[in-house]
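Read the structure below first, then the notes.
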Amino acid sequence: MKRVIPVVSLGALLLTALPAHATDSGPGHRDSYGTKAVYAPGQNPRTYQQPPAGYTAVFTENVSRHGSRSATDGEDGDTILALWNQAAADGQLTARGRKFGPDVEALEAAMSAVGYGNLSGRGKDELRATAVRLEKRLPGLFSSIAANGEKIDVVSSGQGRAVDSGTVFATALTDADPALKASLGTARVDKNLLYFHKSAGGADYQKWLANDERLASTLKAVTDQPASHRAAARVLGRIFKPAFVQRIVNGEFAATADDITAATAVYNLYAIAPAMSEESPDGRGWDFGRYLAPRDAAWFGYLSDAEDFYEKGPSFSDSDITYKMAQPLLDDLFKQVEAKRDGTSTLGAELRFTHAEEIIPLAALMGLPGSEKAATPGGTYTYANNPWRGAEVASLASNIQWDVYRKGDDYLVRMLYNEKEIAFKTGCKPVSKGSRFYDLNELERCFDRS
C-alpha cells in the first residue's frame, strides 16, 4: 500500500535532519558505513547566505543519488548464514552468535519484502524531506515556476531505485506546493547521462576496471594485509567459537568464504541495516553494531572506502579514467544554466536522480570537498593521508545542487553539496571574499567552457 505523508508532517522535517545512524554507538562511527551511510543534510537552512541585493532566484538543478535502499542482493546473508548453520550444527556459536542467525534472517526477509535494491521507507523519507527543504529554500522561484507556466524536468538513470527517487521527490514538491503539478512533465530516462559507468561513454572505464593490473594489485594489497585478517578474526569471534574461527581461517570452508570474505559479509549487513531502519521490528533499528566492535567496523569501512576511492573516485594521480566520463554530466549542469541565461529554456528546475557510481566521479571531476586528492604513485590511500570518505562524498541520497539568481543580464550560481553551501574549486573567484555566490561568466572561465 502506498504511504501517504501529510504535508504538515513534511514541514516538520524542514529543519530537522534524519538521524545519521539509528543503530550506531555514536557520531564518530558514521565513516564506518562508507557510501551506505544514511543521509544527513550538512547545514541548517537558517544559516544560508542571502544573495547579493537585487538578485532573484530563476532556476535550480540537482544531481541526487537515490535514497536509502535494501541490499542489491542476498549474497552476504546467504554466505554468512551458511557458516552460521554449520557452526550451529557443530555447537560452535557464541552466546551472541546464537542471536546473529535470526537477526540476519529477519533483516534479509525485510529486504526481500522491500525488494532487493529498492528504496526503503527511510529512503523515501530522505527524498521527501530534501524536496521540501528545496521548496522552502526557494519559495519565490517555485511560485514563479507555477505562475509563469515553466516546467520541472525529472530525469533518472532508468534503474528502479533512481526512477522511484525521482517520483517520490517530485510528489513531495507538489504536495508542498500543489500549484506545481501543472509544471511537472513526464519523467524521462537518460542512461548515458546518469548511468554512464555502464553506458557507451564508460566503455574505456569498464575495460580498465576489469583488466587494470595496478588497480587489482593495489586493492589486493589493501585488503589482504595482516590488519584485515586480525579484524576479521575479531568479527568472526563475536559469532563463532575460536575453534570454528580457526577452521574458517584454515580454509576448511573456502568454497563458501575465507575469513575476510566472511567478515566482510557481516560488515555489509551492518552497513545496510540503518537504511532499513523503518522495516525493523517496531522501527527500533537492527542493532547490528553488536556484531562488530567500533574499531573493526571502522577498518572494514576503510576497506570499503578504499575500493570506492580507487574504482570510482580520485584514484591514481596519473590517471583520470575513473572520473573523466562524468564530463557530460558536468557539461549538462552548465548547459542548463546557460540555456536559462540565453532565453532558450522554459525550465524552472532540472532534477536528476542517479547512483554513487555517478556522484563519486562527478565530485572528483569538480574537485568537491574531500575529492580533491588522488593517491600519489607508490603511495596508498589511507584515512591518515587522504580526506576522502565515502560517507561524506556519496552517502545514500547525497546530492549536488546549483541555485541560479538573476539581476538584469547578470547571473549568479550558488552550489550546495548535501545541502551545505560550498565553494567551487580552487581558482574560481566568488563575487566577494567569503561569498558562496559566483558569477556565471567566472565559472565558465574557471571550468574552461570557452
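If you're wondering about the labels, chains in the C-alpha cells are A, B, ... by order shown, residues count from 1 in each chain, ligands from 1 in order shown.
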
Sel. of helix (DSSP H, G or I) residues, range 94-246 of chain A, as a ChimeraX atom specification: /A:95-114,121-137,139-148,160-176,178-183,191-194,196-198,200-211,213-223,226-237,242-246

Filtered DSSP result for range 187-403 of chain A, state strand (DSSP E), as a PyMOL selection string: chain A and resi 188-189+347-354+399-403

Just want the 12 Å neighbourhood of range 190-201 of chain A, counted on only C-alpha atoms, with same-chain residues fewer than 2 positions away dropped. Output as a compact mmCIF listing (two decimals) with N, CA, C and O atoms, in the first residue's frame.
# COMPACT_ATOMS: atom_id res chain seq x y z
N ASN A 62 19.70 19.84 -9.73
CA ASN A 62 20.41 18.95 -8.82
C ASN A 62 20.93 17.73 -9.55
O ASN A 62 20.54 17.43 -10.67
N VAL A 63 21.83 17.03 -8.89
CA VAL A 63 22.20 15.66 -9.22
C VAL A 63 22.12 14.92 -7.90
O VAL A 63 22.88 15.23 -6.96
N SER A 64 21.21 13.97 -7.77
CA SER A 64 20.97 13.32 -6.49
C SER A 64 21.15 11.81 -6.62
O SER A 64 20.68 11.20 -7.59
N ARG A 65 21.80 11.23 -5.64
CA ARG A 65 21.81 9.78 -5.54
C ARG A 65 20.45 9.33 -5.01
O ARG A 65 19.78 10.07 -4.27
N HIS A 66 20.04 8.14 -5.40
CA HIS A 66 18.81 7.57 -4.85
C HIS A 66 18.89 7.52 -3.32
O HIS A 66 19.97 7.55 -2.73
N ASP A 153 11.72 19.45 -15.00
CA ASP A 153 12.12 18.23 -15.69
C ASP A 153 12.69 17.24 -14.68
O ASP A 153 13.56 17.59 -13.88
N VAL A 154 12.20 16.01 -14.71
CA VAL A 154 12.69 14.96 -13.82
C VAL A 154 13.29 13.87 -14.70
O VAL A 154 12.61 13.31 -15.56
N VAL A 155 14.56 13.55 -14.48
CA VAL A 155 15.27 12.59 -15.31
C VAL A 155 16.07 11.66 -14.42
O VAL A 155 16.62 12.08 -13.40
N SER A 156 16.12 10.40 -14.79
CA SER A 156 16.83 9.41 -13.97
C SER A 156 17.66 8.48 -14.84
O SER A 156 17.60 8.53 -16.07
N SER A 157 18.39 7.61 -14.16
CA SER A 157 19.22 6.62 -14.83
C SER A 157 18.39 5.50 -15.47
O SER A 157 18.90 4.74 -16.28
N GLY A 158 17.14 5.37 -15.06
CA GLY A 158 16.31 4.28 -15.52
C GLY A 158 16.29 3.09 -14.60
O GLY A 158 15.44 2.19 -14.73
N GLN A 159 17.22 3.03 -13.64
CA GLN A 159 17.22 1.97 -12.65
C GLN A 159 16.09 2.21 -11.65
O GLN A 159 15.82 3.35 -11.27
N ALA A 162 16.37 4.70 -8.77
CA ALA A 162 16.54 6.08 -9.21
C ALA A 162 15.23 6.63 -9.78
O ALA A 162 14.87 7.79 -9.52
N VAL A 163 14.53 5.82 -10.56
CA VAL A 163 13.21 6.22 -11.06
C VAL A 163 12.28 6.53 -9.90
O VAL A 163 11.61 7.58 -9.87
N ALA A 187 8.31 12.15 -16.44
CA ALA A 187 9.68 11.78 -16.07
C ALA A 187 10.32 11.00 -17.22
O ALA A 187 9.66 10.23 -17.91
N ARG A 188 11.62 11.21 -17.42
CA ARG A 188 12.31 10.56 -18.52
C ARG A 188 13.57 9.88 -18.04
O ARG A 188 13.99 10.06 -16.88
N ALA A 203 32.81 2.98 -21.72
CA ALA A 203 33.42 1.76 -22.27
C ALA A 203 34.89 1.62 -21.86
O ALA A 203 35.34 0.53 -21.46
N ASP A 204 35.64 2.69 -21.98
CA ASP A 204 37.06 2.63 -21.59
C ASP A 204 37.20 2.34 -20.10
O ASP A 204 38.08 1.58 -19.69
N TYR A 205 36.33 2.94 -19.31
CA TYR A 205 36.35 2.71 -17.87
C TYR A 205 36.06 1.25 -17.55
O TYR A 205 36.71 0.64 -16.71
N GLN A 206 35.07 0.68 -18.23
CA GLN A 206 34.71 -0.72 -17.98
C GLN A 206 35.87 -1.65 -18.28
O GLN A 206 36.13 -2.61 -17.53
N LYS A 207 36.59 -1.37 -19.36
CA LYS A 207 37.76 -2.19 -19.70
C LYS A 207 38.85 -2.03 -18.64
O LYS A 207 39.48 -3.00 -18.23
N TRP A 208 39.06 -0.81 -18.20
CA TRP A 208 40.07 -0.54 -17.16
C TRP A 208 39.70 -1.26 -15.87
O TRP A 208 40.55 -1.91 -15.25
N LEU A 209 38.45 -1.16 -15.48
CA LEU A 209 38.00 -1.77 -14.23
C LEU A 209 38.21 -3.28 -14.26
O LEU A 209 38.60 -3.88 -13.25
N GLU A 311 38.28 2.75 -7.42
CA GLU A 311 37.48 2.35 -8.57
C GLU A 311 36.60 3.45 -9.13
O GLU A 311 36.27 3.44 -10.32
N LYS A 312 36.22 4.44 -8.30
CA LYS A 312 35.26 5.44 -8.74
C LYS A 312 35.70 6.87 -8.49
O LYS A 312 35.16 7.80 -9.12
N ILE A 321 40.85 8.16 -15.52
CA ILE A 321 39.93 7.19 -16.10
C ILE A 321 38.67 7.02 -15.26
O ILE A 321 37.59 6.74 -15.79
N THR A 322 38.77 7.21 -13.95
CA THR A 322 37.61 6.98 -13.09
C THR A 322 36.59 8.10 -13.14
O THR A 322 35.42 7.90 -12.80
N TYR A 323 37.01 9.30 -13.55
CA TYR A 323 36.09 10.42 -13.47
C TYR A 323 35.93 11.25 -14.74
O TYR A 323 35.04 12.09 -14.82
N LYS A 324 36.76 11.02 -15.75
CA LYS A 324 36.60 11.84 -16.97
C LYS A 324 35.26 11.57 -17.65
O LYS A 324 34.73 12.44 -18.35
N MET A 325 34.70 10.38 -17.44
CA MET A 325 33.41 10.05 -18.05
C MET A 325 32.26 10.83 -17.44
O MET A 325 31.13 10.81 -17.96
N ALA A 326 32.50 11.55 -16.32
CA ALA A 326 31.47 12.40 -15.73
C ALA A 326 31.37 13.75 -16.43
O ALA A 326 30.48 14.55 -16.10
N GLN A 327 32.24 14.02 -17.39
CA GLN A 327 32.25 15.33 -18.05
C GLN A 327 30.91 15.69 -18.68
O GLN A 327 30.45 16.84 -18.53
N PRO A 328 30.23 14.77 -19.38
CA PRO A 328 28.92 15.16 -19.94
C PRO A 328 27.91 15.58 -18.87
O PRO A 328 27.06 16.45 -19.14
N LEU A 329 28.00 15.01 -17.68
CA LEU A 329 27.09 15.40 -16.60
C LEU A 329 27.43 16.80 -16.11
O LEU A 329 26.53 17.63 -15.90
N LEU A 330 28.72 17.10 -15.96
CA LEU A 330 29.11 18.46 -15.58
C LEU A 330 28.72 19.44 -16.69
O LEU A 330 28.22 20.54 -16.40
N ASP A 331 28.92 19.03 -17.93
CA ASP A 331 28.51 19.89 -19.05
C ASP A 331 27.02 20.19 -18.99
O ASP A 331 26.58 21.31 -19.27
N ASP A 332 26.23 19.19 -18.63
CA ASP A 332 24.79 19.39 -18.59
C ASP A 332 24.39 20.37 -17.49
O ASP A 332 23.46 21.16 -17.67
N LEU A 333 25.10 20.33 -16.36
CA LEU A 333 24.83 21.32 -15.33
C LEU A 333 25.02 22.73 -15.88
O LEU A 333 24.19 23.62 -15.67
N LEU A 351 15.83 18.19 -12.33
CA LEU A 351 16.03 17.28 -11.21
C LEU A 351 16.51 15.93 -11.74
O LEU A 351 15.80 15.25 -12.47
N ARG A 352 17.73 15.55 -11.35
CA ARG A 352 18.36 14.33 -11.86
C ARG A 352 18.55 13.33 -10.72
O ARG A 352 18.99 13.72 -9.62
N PHE A 353 18.33 12.04 -11.02
CA PHE A 353 18.43 11.01 -9.98
C PHE A 353 19.29 9.86 -10.50
O PHE A 353 19.02 9.28 -11.54
N THR A 354 20.31 9.53 -9.71
CA THR A 354 21.36 8.65 -10.20
C THR A 354 21.92 7.79 -9.07
O THR A 354 21.20 7.45 -8.13
N HIS A 355 23.21 7.49 -9.12
CA HIS A 355 23.82 6.47 -8.25
C HIS A 355 25.18 6.95 -7.74
O HIS A 355 25.75 7.91 -8.25
N ALA A 356 25.71 6.21 -6.76
CA ALA A 356 27.03 6.54 -6.23
C ALA A 356 28.09 6.49 -7.33
O ALA A 356 29.06 7.27 -7.30
N GLU A 357 27.92 5.59 -8.30
CA GLU A 357 28.90 5.45 -9.38
C GLU A 357 28.96 6.69 -10.26
O GLU A 357 29.90 6.84 -11.05
N GLU A 358 27.97 7.57 -10.15
CA GLU A 358 27.99 8.84 -10.87
C GLU A 358 28.34 10.01 -9.96
O GLU A 358 29.08 10.92 -10.36
N ILE A 359 27.82 10.00 -8.73
CA ILE A 359 28.12 11.08 -7.78
C ILE A 359 29.62 11.13 -7.47
O ILE A 359 30.23 12.21 -7.45
N ILE A 360 30.23 9.97 -7.24
CA ILE A 360 31.64 9.94 -6.84
C ILE A 360 32.56 10.48 -7.94
O ILE A 360 33.41 11.34 -7.67
N PRO A 361 32.42 10.03 -9.20
CA PRO A 361 33.26 10.62 -10.25
C PRO A 361 32.98 12.11 -10.48
O PRO A 361 33.92 12.88 -10.74
N LEU A 362 31.72 12.52 -10.40
CA LEU A 362 31.40 13.93 -10.59
C LEU A 362 32.06 14.78 -9.51
O LEU A 362 32.61 15.85 -9.79
